[in-house]
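Shown next: protein14.txt, containing compact mmCIF, C-alpha atoms.
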# COMPACT_ATOMS: atom_id res chain seq x y z
CA ILE E 4 0.00 0.00 0.00
CA TRP E 5 1.59 3.26 -1.05
CA ASP E 6 -0.42 6.12 0.38
CA PRO E 7 0.44 9.08 2.65
CA LEU E 8 0.26 6.91 5.78
CA HIS E 9 2.59 4.21 4.48
CA GLU E 10 5.04 6.34 2.51
CA ASP E 11 6.23 7.92 5.76
CA ALA E 12 6.32 4.71 7.79
CA CYS E 13 9.91 3.61 7.14
CA GLU E 14 10.86 4.22 10.77
CA GLU E 15 7.99 2.09 12.05
CA VAL E 16 8.57 -0.67 9.50
CA SER E 17 12.29 -0.78 10.33
CA LEU E 18 11.52 -1.17 14.02
CA ILE E 19 8.88 -3.83 13.34
CA MET E 20 11.32 -5.84 11.21
CA VAL E 21 14.02 -5.74 13.90
CA GLU E 22 11.53 -6.58 16.65
CA HIS E 23 10.35 -9.68 14.77
CA PHE E 24 13.94 -10.72 14.11
CA LEU E 25 14.89 -10.41 17.77
CA LYS E 26 11.83 -12.36 18.88
CA LYS E 27 12.63 -15.01 16.24
CA ASP E 28 9.10 -14.48 14.94
CA ASN E 29 8.92 -15.34 11.24
CA ASN E 30 5.17 -14.81 11.01
CA LEU E 31 5.28 -11.24 9.70
CA THR E 32 3.08 -10.97 6.61
CA PRO E 33 2.03 -7.93 4.59
CA ALA E 34 -1.39 -8.01 6.27
CA SER E 35 -0.10 -8.43 9.83
CA GLY E 36 2.63 -5.87 9.18
CA ASP E 37 0.04 -3.36 8.02
CA VAL E 38 -1.92 -3.85 11.24
CA GLU E 39 1.28 -3.31 13.27
CA ILE E 40 2.20 -0.18 11.30
CA ARG E 41 -1.24 1.35 11.84
CA LYS E 42 -1.23 0.58 15.57
CA MET E 43 2.25 2.04 16.03
CA ILE E 44 1.35 5.21 14.12
CA GLN E 45 -1.82 5.59 16.25
CA TYR E 46 0.37 5.32 19.36
CA GLU E 47 2.78 7.91 17.98
CA GLU E 48 0.00 10.35 17.09
CA LYS E 49 -1.55 9.93 20.54
CA ASN E 50 1.83 10.62 22.15
CA GLY E 51 2.76 13.70 20.11
CA TYR E 52 5.32 12.29 17.68
CA ASP E 53 5.68 13.90 14.25
CA ILE E 54 5.64 12.04 10.94
CA SER E 55 9.44 11.99 10.76
CA ILE E 56 10.96 10.20 13.73
CA TYR E 57 14.61 10.54 14.64
CA LEU E 58 16.65 7.77 16.25
CA GLU E 59 16.29 8.92 19.84
CA GLN E 60 12.51 8.98 19.45
CA LEU E 61 12.47 5.60 17.72
CA ASN E 62 14.47 4.16 20.60
CA GLN E 63 11.92 5.57 23.05
CA ILE E 64 9.04 4.14 21.01
CA ALA E 65 10.82 0.78 20.98
CA LYS E 66 11.02 0.89 24.77
CA ASP E 67 7.58 2.31 25.61
CA TYR E 68 5.45 0.81 22.86
CA SER E 69 7.26 -2.35 21.79
CA GLY E 70 8.83 -3.33 25.11
CA MET E 71 12.37 -3.33 23.70
CA PRO E 72 14.44 -1.80 26.53
CA THR E 73 17.94 -2.50 25.21
CA GLY E 74 18.16 0.04 22.38
CA ARG E 75 21.48 1.77 21.96
CA ILE E 76 22.28 4.71 19.70
CA LYS E 77 25.80 4.89 18.34
CA SER E 78 26.80 8.41 17.26
CA ASN E 79 29.70 9.20 14.93
CA ALA E 80 29.26 5.71 13.53
CA THR E 81 31.71 4.22 11.06
CA ILE E 82 31.45 1.46 8.49
CA ASP E 83 33.49 -0.76 10.81
CA ASP E 84 31.11 -0.04 13.72
CA ILE E 85 28.18 -1.26 11.64
CA LYS E 86 30.10 -4.36 10.56
CA ARG E 87 30.93 -5.17 14.21
CA GLU E 88 27.25 -5.01 15.17
CA LEU E 89 26.34 -7.29 12.28
CA ASP E 90 29.16 -9.70 13.18
CA ALA E 91 27.62 -9.89 16.66
CA GLY E 92 24.23 -10.82 15.17
CA ARG E 93 22.60 -7.44 15.70
CA PRO E 94 20.77 -5.84 12.76
CA VAL E 95 21.25 -2.08 12.60
CA ILE E 96 18.63 0.61 11.91
CA VAL E 97 20.20 3.52 10.05
CA PRO E 98 18.61 6.87 9.26
CA ALA E 99 19.47 8.30 5.88
CA ALA E 100 19.16 11.22 3.55
CA GLY E 101 16.90 9.35 1.16
CA LYS E 102 17.67 11.51 -1.85
CA VAL E 103 21.34 10.56 -1.48
CA LEU E 104 20.68 6.80 -1.41
CA PRO E 105 21.32 5.37 -4.87
CA ASN E 106 18.20 3.24 -5.08
CA PRO E 107 16.74 3.15 -8.61
CA ASN E 108 13.43 1.88 -7.23
CA PHE E 109 12.63 5.12 -5.40
CA LYS E 110 10.06 7.45 -6.92
CA ASP E 111 10.90 11.14 -7.35
CA GLY E 112 14.52 10.60 -6.35
CA GLY E 113 13.67 9.16 -2.96
CA PRO E 114 12.38 10.60 0.30
CA LEU E 115 14.03 13.49 2.13
CA TYR E 116 14.46 11.26 5.20
CA HIS E 117 14.49 7.51 5.30
CA MET E 118 15.39 4.51 7.47
CA VAL E 119 16.59 1.05 6.50
CA VAL E 120 17.63 -2.07 8.37
CA VAL E 121 21.16 -3.26 7.67
CA LYS E 122 21.09 -7.02 8.09
CA GLY E 123 24.41 -8.17 6.67
CA TYR E 124 27.35 -7.47 4.43
CA ASP E 125 29.71 -9.13 2.02
CA LYS E 126 32.99 -8.08 0.42
CA ASN E 127 31.59 -4.90 -1.17
CA ASP E 128 28.08 -4.19 0.07
CA PHE E 129 25.79 -3.76 3.01
CA ILE E 130 22.69 -5.92 2.64
CA THR E 131 19.54 -4.16 3.77
CA ASN E 132 15.84 -4.52 4.14
CA ASP E 133 14.74 -1.21 2.66
CA PRO E 134 11.07 -0.47 3.39
CA GLY E 135 10.99 2.29 0.76
CA THR E 136 10.30 -0.01 -2.16
CA ARG E 137 8.67 -3.33 -2.98
CA LYS E 138 12.11 -4.51 -4.09
CA GLY E 139 13.72 -3.64 -0.76
CA GLU E 140 14.29 -7.09 0.74
CA GLY E 141 18.00 -7.84 0.46
CA PHE E 142 18.71 -4.55 -1.34
CA ARG E 143 22.42 -3.86 -1.54
CA TYR E 144 24.22 -0.57 -1.07
CA THR E 145 27.98 -0.28 -1.34
CA PHE E 146 29.63 0.50 1.98
CA GLU E 147 30.48 3.99 0.81
CA ASP E 148 27.05 4.76 -0.69
CA LEU E 149 25.17 3.80 2.45
CA TYR E 150 27.66 5.45 4.77
CA TYR E 151 27.57 8.69 2.78
CA ALA E 152 23.76 8.76 3.10
CA ILE E 153 23.60 8.05 6.85
CA HIS E 154 22.20 11.14 8.59
CA ASP E 155 19.64 11.49 11.38
CA TRP E 156 16.61 13.80 11.03
CA ASN E 157 18.14 16.97 12.55
CA ASN E 158 14.84 18.90 12.41
CA GLY E 159 14.65 18.47 8.65
CA ASP E 160 18.24 19.51 7.97
CA VAL E 161 18.99 15.88 7.20
CA LEU E 162 22.27 16.38 5.35
CA ASN E 163 23.73 17.88 8.53
CA GLY E 164 22.32 15.17 10.80
CA GLN E 165 24.51 12.87 12.86
CA LYS E 166 25.99 9.69 11.40
CA SER E 167 24.27 7.44 13.91
CA TYR E 168 22.47 4.14 14.13
CA LEU E 169 20.14 2.27 16.49
CA VAL E 170 20.85 -1.27 17.59
CA PHE E 171 19.41 -3.57 20.25
CA ASP E 172 21.69 -5.58 22.54

Please re-express this file's structure in structure tokens.
Amino acid sequence: IWDPLHEDACEEVSLIMVEHFLKKDNNLTPASGDVEIRKMIQYEEKNGYDISIYLEQLNQIAKDYSGMPTGRIKSNATIDDIKRELDAGRPVIVPAAGKVLPNPNFKDGGPLYHMVVVKGYDKNDFITNDPGTRKGEGFRYTFEDLYYAIHDWNNGDVLNGQKSYLVFD
């Protein structure tokens, strides 16, 4: 479903994907995921969150709404930091300047602000689950391309946002 509600739900979808991974719950379907997205957005609206959610807020939502108390934000993150998290079995949620991400599946050059889950890497690329496109499962970004795009919300000045990520221990 690509409508105004869903096109701004990359933060929620990223958190939902990581939550299911950590709980070893493989029962996430498009229909059940849609229900989860809608419930999380209702919670956020009720609690005064804006459409764009930065990492600190997402970590708080993970704790208060999803019961995930072990979130940790790493600021001034490096490519090697992300690889270490992945080597330890921890998927990483990264915020990004969406228009900088080289994803040919994005419409209109991509969103201003975006989040993806980094779930692995190989010799050249980070392997992500990118909720911004139907072709996002296993989407690959080179290390440099993803790293260059990593920026937190920063009140809409995304290109000057921190190079940070959210991970759960």

As an mmCIF file with C-alpha atoms, keeping the file's coordinate frame, please: the residues near region 68-85 of chain E (cut-off 7 Å, only C-alpha atoms, same-chain neighbours under 2 positions excluded).
data_model
loop_
_atom_site.group_PDB
_atom_site.id
_atom_site.type_symbol
_atom_site.label_atom_id
_atom_site.label_comp_id
_atom_site.auth_asym_id
_atom_site.auth_seq_id
_atom_site.Cartn_x
_atom_site.Cartn_y
_atom_site.Cartn_z
ATOM 1 C CA ASN E 62 14.470 4.160 20.600
ATOM 2 C CA ILE E 64 9.040 4.140 21.010
ATOM 3 C CA ALA E 65 10.820 0.780 20.980
ATOM 4 C CA LYS E 66 11.020 0.890 24.770
ATOM 5 C CA ARG E 87 30.930 -5.170 14.210
ATOM 6 C CA GLU E 88 27.250 -5.010 15.170
ATOM 7 C CA LEU E 89 26.340 -7.290 12.280
ATOM 8 C CA PHE E 146 29.630 0.500 1.980
ATOM 9 C CA TYR E 150 27.660 5.450 4.770
ATOM 10 C CA GLN E 165 24.510 12.870 12.860
ATOM 11 C CA LYS E 166 25.990 9.690 11.400
ATOM 12 C CA SER E 167 24.270 7.440 13.910
ATOM 13 C CA TYR E 168 22.470 4.140 14.130
ATOM 14 C CA LEU E 169 20.140 2.270 16.490
ATOM 15 C CA VAL E 170 20.850 -1.270 17.590
ATOM 16 C CA PHE E 171 19.410 -3.570 20.250
ATOM 17 C CA ASP E 172 21.690 -5.580 22.540
#

Requested in this report: Rank E:Arg143, E:His117, E:Arg137, E:His9 by their smallest atom-to-atom distance to Val161 (chain E), using only C-alpha atoms, and report the top residue only.
Outcome: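 So, comparing all the options, the nearest one is E:His117.
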
Report task. Determine, counting all atoms listed in the file, which protein, DNA and RNA residues have an atom within 9 Å of an atom of Asn132 (chain E); residues of the same chain fewer than 5 positions away are not included. Present the result as JSON, numbers by chain. Result -> {"E": [17, 20, 119, 120, 121, 122, 139, 140, 141, 142, 143]}

Kindly list the centre and edge lengths in Å, rounded to one decimal, for the axis-aligned box that covers all listed atoms of region 150-163 of chain E plus 5 Å on each of its six sides, as lines of an AutoDock Vina configuration file.
center_x = 21.2
center_y = 12.5
center_z = 7.7
size_x = 23.0
size_y = 24.1
size_z = 19.8

Requested in this report: Just the residues within 10 Å of Gly113 (chain E), please, counting all atoms listed in the file, with nothing from its chain fewer than 4 positions along; format it as number ranges by chain.
Outcome: E: 100-109, 117, 135-136

Query raised in the report: Which of these residues is nearest to Gln60 (chain E), using all atoms listed in the file: E:Glu10, E:Arg93, E:Lys126, E:Asn157?
Result: E:Asn157

Query raised in the report: Could you work out how far CA of Lys138 (chain E) lies from CA of Asp11 (chain E), giving the answer in Å with one decimal?
Result: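 So the two atoms, CA of Asp11 (chain E) and CA of Lys138 (chain E), lie 16.9 Å apart.
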
**Report entry** All residues 12 Å or closer to Asp160 (chain E), only C-alpha atoms, same chain fewer than 4 positions away omitted, as a ChimeraX atom specification
**Finding:** /E:55,57,99-100,115-116,154-156,164-165

Report summary line: Across E:Pro114, E:Pro94, E:Lys86, E:Glu59, the smallest distance to Asn127 (chain E), with all atoms listed in the file counted, is shown by E:Lys86

**Report entry** Point-to-point distance from CA of Asp37 (chain E) to CA of Ala91 (chain E), Å rounded to tenths
**Finding:**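 Atom-to-atom, CA of Asp37 (chain E) to CA of Ala91 (chain E), that is 29.6 Å.
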
Report summary line: Expressed in Å, the length from CA of Leu18 (chain E) to CA of Asp67 (chain E) is 12.7 Å

Query raised in the report: Counting all atoms listed in the file, which of E:Asn50, E:Glu22, E:Leu58, E:Val16 gets nearest to Val38 (chain E)?
Result: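 For Val38 (chain E), the nearest of the given residues is E:Val16.
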
For region 49-64 of chain E, supply N, CA and C atoms and report the output as a PDB file, in the frame of the given file.
ATOM      1  N   LYS E  49      -0.993   9.718  19.198  1.00  0.00           N
ATOM      2  CA  LYS E  49      -1.550   9.930  20.540  1.00  0.00           C
ATOM      3  C   LYS E  49      -0.509  10.516  21.491  1.00  0.00           C
ATOM      4  N   ASN E  50       0.763  10.185  21.254  1.00  0.00           N
ATOM      5  CA  ASN E  50       1.830  10.620  22.150  1.00  0.00           C
ATOM      6  C   ASN E  50       2.667  11.773  21.602  1.00  0.00           C
ATOM      7  N   GLY E  51       2.163  12.456  20.569  1.00  0.00           N
ATOM      8  CA  GLY E  51       2.760  13.700  20.110  1.00  0.00           C
ATOM      9  C   GLY E  51       3.974  13.582  19.196  1.00  0.00           C
ATOM     10  N   TYR E  52       4.193  12.425  18.611  1.00  0.00           N
ATOM     11  CA  TYR E  52       5.320  12.290  17.680  1.00  0.00           C
ATOM     12  C   TYR E  52       4.930  12.850  16.313  1.00  0.00           C
ATOM     13  N   ASP E  53       5.900  13.412  15.604  1.00  0.00           N
ATOM     14  CA  ASP E  53       5.680  13.900  14.250  1.00  0.00           C
ATOM     15  C   ASP E  53       5.784  12.750  13.253  1.00  0.00           C
ATOM     16  N   ILE E  54       5.554  13.057  11.996  1.00  0.00           N
ATOM     17  CA  ILE E  54       5.640  12.040  10.940  1.00  0.00           C
ATOM     18  C   ILE E  54       7.065  11.519  10.827  1.00  0.00           C
ATOM     19  N   SER E  55       8.046  12.420  10.836  1.00  0.00           N
ATOM     20  CA  SER E  55       9.440  11.990  10.760  1.00  0.00           C
ATOM     21  C   SER E  55       9.965  11.775  12.170  1.00  0.00           C
ATOM     22  N   ILE E  56      10.515  10.595  12.401  1.00  0.00           N
ATOM     23  CA  ILE E  56      10.960  10.200  13.730  1.00  0.00           C
ATOM     24  C   ILE E  56      12.478  10.027  13.701  1.00  0.00           C
ATOM     25  N   TYR E  57      13.156  10.704  14.600  1.00  0.00           N
ATOM     26  CA  TYR E  57      14.610  10.540  14.640  1.00  0.00           C
ATOM     27  C   TYR E  57      14.964   9.391  15.576  1.00  0.00           C
ATOM     28  N   LEU E  58      16.240   8.998  15.553  1.00  0.00           N
ATOM     29  CA  LEU E  58      16.650   7.770  16.250  1.00  0.00           C
ATOM     30  C   LEU E  58      16.324   7.779  17.733  1.00  0.00           C
ATOM     31  N   GLU E  59      16.565   8.870  18.409  1.00  0.00           N
ATOM     32  CA  GLU E  59      16.290   8.920  19.840  1.00  0.00           C
ATOM     33  C   GLU E  59      14.809   8.648  20.117  1.00  0.00           C
ATOM     34  N   GLN E  60      13.946   9.229  19.294  1.00  0.00           N
ATOM     35  CA  GLN E  60      12.510   8.980  19.450  1.00  0.00           C
ATOM     36  C   GLN E  60      12.162   7.525  19.129  1.00  0.00           C
ATOM     37  N   LEU E  61      12.758   6.984  18.076  1.00  0.00           N
ATOM     38  CA  LEU E  61      12.470   5.600  17.720  1.00  0.00           C
ATOM     39  C   LEU E  61      12.910   4.661  18.839  1.00  0.00           C
ATOM     40  N   ASN E  62      14.015   4.968  19.466  1.00  0.00           N
ATOM     41  CA  ASN E  62      14.470   4.160  20.600  1.00  0.00           C
ATOM     42  C   ASN E  62      13.465   4.238  21.750  1.00  0.00           C
ATOM     43  N   GLN E  63      12.915   5.417  21.989  1.00  0.00           N
ATOM     44  CA  GLN E  63      11.920   5.570  23.050  1.00  0.00           C
ATOM     45  C   GLN E  63      10.632   4.821  22.713  1.00  0.00           C
ATOM     46  N   ILE E  64      10.230   4.881  21.454  1.00  0.00           N
ATOM     47  CA  ILE E  64       9.040   4.140  21.010  1.00  0.00           C
ATOM     48  C   ILE E  64       9.277   2.644  21.169  1.00  0.00           C
TER      49      ILE E  64
END
